[in-house]
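Since the structure comes first, as structure tokens, the remarks are kept for the end.
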Protein chains: 2
Amino acid sequence: MKKNSNYPNTRIQRQKRLQILEAALKIFSTHGYRGSTLDKIALEARISKPNLLYYYKSKQEIHKELINGLMQKWLAPLREMKKNGEPIAELRSYIRRKIEMARDFPRESRLFNNEITQGAPHIKDLLEGELKELVEEKAKIISAWMEEGKLRKVDAYHLIFSIWATTQHYADFDVQVCAILGEEKSKKRFDEAAKFLEQLYIGGLKPEK
Amino acid sequence: MKKNSNYPNTRIQRQKRLQILEAALKIFSTHGYRGSTLDKIALEARISKPNLLYYYKSKQEIHKELINGLMQKWLAPLREMKKNGEPIAELRSYIRRKIEMARDFPRESRLFNNEITQGAPHIKDLLEGELKELVEEKAKIISAWMEEGKLRKVDAYHLIFSIWATTQHYADFDVQVCAILGEEKSKKRFDEAAKFLEQLYIGGLKPEK
DNA sequence: GTCTATATATTGATAGAC
DNA sequence: GTCTATCAATATATAGAC
């Protein structure tokens with residue numbers, strides 16, 4: 001049932017691999033790399049451990065595929081910030097997109113957090129290459145806006161860092177935020193956060209008269 | 001040499017335990033709980049593994065003592081924010097203290113990050129009790145300042161969260177920051193960061209005319 | 001108090017039947 | 001492709017000599 005038609009076969013393979021990745025994302029993001037076991041991942045994916053290793057030949061390989069797949073998604077919001085837009089509006093929607101990512105992809109955020117916190121062993125190249133260049137490009141744009149008097153003059157790099165930090169906080173430190181604000185539905189929380197950040201950044205960056 | 005005088009004995013014990021904690025902090029903060037092994041900790045502390053387990057009877061016990069010891073230090077900066085101070089100055093020095101903690105105790109910051117990211121299994125009570133109360137108290141103070149027109153009106157809780165996020169970012173995401181800004185000495189970096197955060201927050205929180 | 005040797009459990013990965 | 005059984009490597013913890 002598989003000799004000739006390698007087509008449906010591949011489709012099923014792809015689907016299984018996705019199913020495994022989904023499970024692995026959940027496990028890795030909550031327990032870290034070392035804290036995650038193939039047993040837990042296999043259980044979560046509802047397959048046996050050897051079967052899991054039939055689709056991915058090692059734990060490392062699953063993790064690597066997750067991390068790599070993550071990076072492009074993670075950088076997309078910053079990529080979208082355009083030079084020709086209106087500065088305040090561009091920043092506002094960048095913040096909005098980032099907070100939406102924290103809301104919709106908290107597991108990815110934590111996976112990333114974990115990777116960086118432990119020294120970024122798997123993506124150091126990416127950080128020093130692609131990420132660095134992207135940030136330099138966007139920092140230049142922001143600095144130009146400041147020179148034109150469209151924004152108050154501050155350090156563009158630290159501005160970007162602070163946006164990363166504040167938005168990702170709502171994904172990574174979710175338990176803490178919930179402990180303090182109460183366990184109510186968190187959709188609302190992200191709206192509050194977005195509103196606050198908007199006030200803070202717009203207030204802090206509007207050019208002085 | 002130890003029957004009668006249990007005094008010097010205890011002092012040596014305490015010193016050894018400190019030595020172990022210091023090593024454990026380094027290991028736990030870089031590899032997470034599961035990623036850390038007694039071997040690594042013992043090696044770092046320059047003692048043998050069984051000897052280590054003579055002073056602490058389990059890995060959990062070391063971790064627990066670290067986490068507990070950390071919390072008070074971690075909350076101190078917020079505790080110092082006083083109702084009677086001048087609002088802008090109080091916030092400014094709170095930010096300053098927090099960024100100094102990120103600079104001087106990055107390992108503690110990462111240990112805390114790791115604990116929270118994984119669901120705060122060991123300090124959930126603390127978050128929902130002591131931390132929550134402290135934050136409520138300080139949020140009330142900040143809100144009162146806003147009511148008096150001393151600060152622009154924003155959500156006091158999210159304000160506190162954002163200060164936590166932005167300052168701890170420089171400890172937890174150090175590799176990323178270094179990758180982007182270059183590997184030069186980082187003392188300077190914290191000054192830049194402090195300056196930026198000051199501009200952002202003061203600009204964003206000064207009451208509108 | 002400190003060490004060597006070792007018990008015990010967990011875990012990543014493979015072999016081989018079906 | 002999936003499963004059972006199992007290997008080999010680690011890692012926590014203990015026993016017992018010194």
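We label chains A, B, ... in the order they appear in the structure tokens, count residues from 1 in each chain, and number ligands from 1 in the order shown.
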Exercise: DT2 of chain D partners within 12 Å, only C-alpha atoms (C1' of nucleotides), chain neighbours under 4 positions left out, as a list in words: Ile47, Ser48, Lys49, Pro50, Asn51, Leu52, Leu53, Tyr54 and Tyr55 of chain A; DA17 and DC18 of chain C
List as a tab-separated table (two decimals) with N, CA, C and O atoms, in the first residue's frame the protein and nucleic acid residues near Ile160 of chain B, meaning an atom at most 10 Å away when only C-alpha atoms (C1' of nucleotides) are counted, but skip any in the same chain fewer than 5 places from it.
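Below is the file that was written, result33.tsv:
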chain	number	residue	atom	x	y	z
B	78	LEU	N	11.29	47.40	44.89
B	78	LEU	CA	9.91	47.91	44.87
B	78	LEU	C	9.48	48.34	46.27
B	78	LEU	O	8.79	49.36	46.43
B	91	LEU	N	9.92	57.05	40.90
B	91	LEU	CA	9.93	56.11	39.77
B	91	LEU	C	11.32	56.02	39.15
B	91	LEU	O	11.80	54.94	38.82
B	94	TYR	N	13.45	53.94	41.30
B	94	TYR	CA	13.05	52.53	41.23
B	94	TYR	C	13.63	51.88	39.97
B	94	TYR	O	14.22	50.80	40.03
B	95	ILE	N	13.49	52.56	38.86
B	95	ILE	CA	14.04	52.04	37.61
B	95	ILE	C	15.55	51.87	37.73
B	95	ILE	O	16.11	50.85	37.33
B	135	VAL	N	2.57	44.46	45.34
B	135	VAL	CA	2.28	45.18	44.11
B	135	VAL	C	0.98	45.98	44.25
B	135	VAL	O	0.90	47.13	43.79
B	138	LYS	N	1.78	49.13	46.15
B	138	LYS	CA	2.53	50.14	45.39
B	138	LYS	C	1.71	50.69	44.23
B	138	LYS	O	1.84	51.86	43.86
B	139	ALA	N	0.89	49.85	43.65
B	139	ALA	CA	0.03	50.31	42.55
B	139	ALA	C	-0.93	51.38	43.08
B	139	ALA	O	-1.25	52.36	42.40
B	142	ILE	N	0.94	54.61	43.35
B	142	ILE	CA	1.14	55.23	42.04
B	142	ILE	C	-0.17	55.83	41.52
B	142	ILE	O	-0.21	56.94	41.00
B	155	ASP	N	-2.34	52.69	33.55
B	155	ASP	CA	-2.58	51.57	34.44
B	155	ASP	C	-1.33	51.31	35.28
B	155	ASP	O	-0.26	51.00	34.75
B	165	ALA	N	9.89	44.16	33.12
B	165	ALA	CA	10.25	43.54	31.84
B	165	ALA	C	11.47	44.21	31.23
B	165	ALA	O	12.43	43.54	30.83
Counting only C-alpha atoms (C1' of nucleotides), chain B residues within 9 Å of chain D, as a CSV table (one decimal) with all heavy atoms, in the first residue's frame:
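Written output follows (selection-v4.csv):
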chain,number,residue,atom,x,y,z
B,37,THR,N,23.3,19.4,36.7
B,37,THR,CA,23.6,18.1,37.3
B,37,THR,C,24.4,18.4,38.6
B,37,THR,O,25.1,19.3,38.7
B,37,THR,CB,24.3,17.2,36.4
B,37,THR,OG1,25.6,17.7,36.2
B,37,THR,CG2,23.6,17.0,35.1
B,38,LEU,N,24.3,17.4,39.5
B,38,LEU,CA,25.1,17.5,40.7
B,38,LEU,C,26.6,17.5,40.4
B,38,LEU,O,27.4,18.1,41.1
B,38,LEU,CB,24.7,16.4,41.7
B,38,LEU,CG,23.3,16.5,42.2
B,38,LEU,CD1,23.0,15.3,43.2
B,38,LEU,CD2,23.0,17.8,42.9
B,39,ASP,N,26.9,16.7,39.4
B,39,ASP,CA,28.3,16.7,38.9
B,39,ASP,C,28.8,18.1,38.6
B,39,ASP,O,29.9,18.5,39.1
B,39,ASP,CB,28.4,15.8,37.7
B,39,ASP,CG,28.5,14.3,38.0
B,39,ASP,OD1,29.4,14.0,38.8
B,39,ASP,OD2,27.7,13.6,37.5
B,50,PRO,N,29.5,13.3,46.5
B,50,PRO,CA,28.9,12.8,47.8
B,50,PRO,C,29.1,13.8,48.9
B,50,PRO,O,28.2,13.9,49.7
B,50,PRO,CB,29.7,11.5,48.0
B,50,PRO,CG,30.2,11.1,46.7
B,50,PRO,CD,30.5,12.3,45.9
B,53,LEU,N,26.4,16.2,48.7
B,53,LEU,CA,25.2,15.7,49.3
B,53,LEU,C,25.2,15.4,50.8
B,53,LEU,O,24.3,15.0,51.4
B,53,LEU,CB,24.8,14.4,48.5
B,53,LEU,CG,24.3,14.6,47.1
B,53,LEU,CD1,24.3,13.3,46.3
B,53,LEU,CD2,22.8,15.1,47.2
B,57,LYS,N,20.9,17.5,51.3
B,57,LYS,CA,20.6,16.1,51.1
B,57,LYS,C,19.9,15.8,49.8
B,57,LYS,O,19.7,14.6,49.4
B,57,LYS,CB,19.7,15.6,52.3
B,57,LYS,CG,18.4,16.2,52.4
B,57,LYS,CD,17.6,15.4,53.6
B,57,LYS,CE,16.2,15.9,53.8
B,57,LYS,NZ,16.2,17.3,54.3
B,58,SER,N,19.6,16.8,49.0
B,58,SER,CA,19.1,16.6,47.6
B,58,SER,C,19.3,17.8,46.7
B,58,SER,O,19.5,18.9,47.2
B,58,SER,CB,17.6,16.2,47.7
B,58,SER,OG,16.8,17.3,47.9
B,59,LYS,N,19.2,17.5,45.4
B,59,LYS,CA,19.3,18.6,44.5
B,59,LYS,C,18.1,19.6,44.7
B,59,LYS,O,18.3,20.8,44.7
B,59,LYS,CB,19.1,18.0,43.1
B,59,LYS,CG,19.3,18.9,41.9
B,59,LYS,CD,19.1,18.2,40.6
B,59,LYS,CE,19.1,19.1,39.4
B,59,LYS,NZ,18.9,18.3,38.1
Chain C contacts to chain B at 12 Å (only C-alpha atoms (C1' of nucleotides)) as a count of residues only: 5
Report the distance between atom CA of Thr166 of chain B and atom CA of Thr166 of chain A in Å, rounded to one decimal place.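 Rounded to one decimal, the two atoms are 6.1 Å apart.
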Output as JSON, numbers by chain the set of chain B residues within 7 Å of chain A, with distances taken over only C-alpha atoms. {"B": [30, 31, 34, 35, 110, 116, 117, 118, 119, 127, 128, 132, 154, 155, 158, 162, 165, 166, 169, 172, 173, 175, 176, 179, 180, 193, 196, 200, 201, 203, 204]}
Using C-alpha atoms, can you write the selected residues to a file as a compact mmCIF listing (two decimals), in the first residue's frame?
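Output file selection-v5.txt follows:
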# COMPACT_ATOMS: atom_id res chain seq x y z
CA THR B 30 22.66 28.89 32.92
CA HIS B 31 21.20 25.41 32.41
CA ARG B 34 16.86 19.82 34.80
CA GLY B 35 19.84 20.86 32.73
CA ARG B 110 17.80 34.25 35.03
CA ILE B 116 8.42 31.78 36.31
CA THR B 117 8.60 30.64 32.70
CA GLN B 118 8.10 27.06 33.81
CA GLY B 119 4.99 27.92 35.74
CA LEU B 127 3.47 35.20 43.95
CA GLU B 128 -0.17 35.02 44.94
CA LYS B 132 0.54 40.31 44.99
CA VAL B 154 -2.04 55.04 33.03
CA ASP B 155 -2.58 51.57 34.44
CA HIS B 158 1.07 47.46 33.74
CA SER B 162 6.80 47.13 32.05
CA ALA B 165 10.25 43.54 31.84
CA THR B 166 12.52 46.22 30.46
CA HIS B 169 15.61 42.00 29.79
CA ASP B 172 17.97 37.53 30.78
CA PHE B 173 18.49 38.36 27.11
CA VAL B 175 23.33 37.19 24.65
CA GLN B 176 20.85 38.75 22.28
CA ALA B 179 24.84 39.93 19.57
CA ILE B 180 23.15 43.08 18.33
CA ALA B 193 19.74 51.45 29.08
CA PHE B 196 16.88 55.41 27.69
CA LEU B 200 10.93 56.90 28.00
CA TYR B 201 9.23 56.79 31.37
CA GLY B 203 8.51 61.48 28.92
CA GLY B 204 5.63 59.03 28.97
Separation of atom CA of Glu22 of chain A from atom CA of Arg103 of chain A in Å: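 Atom CA of Glu22 of chain A lies 17.2 Å from atom CA of Arg103 of chain A.
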Taken to one decimal, the atom CA of Phe190 of chain A-atom CA of Lys82 of chain A distance is 24.4 Å
Using DSSP on the backbone, list every residue of segment 7-84 of chain B that comes out as helix (DSSP H, G or I), and give them as number ranges by chain. B: 7-35, 38-45, 49-55, 59-79
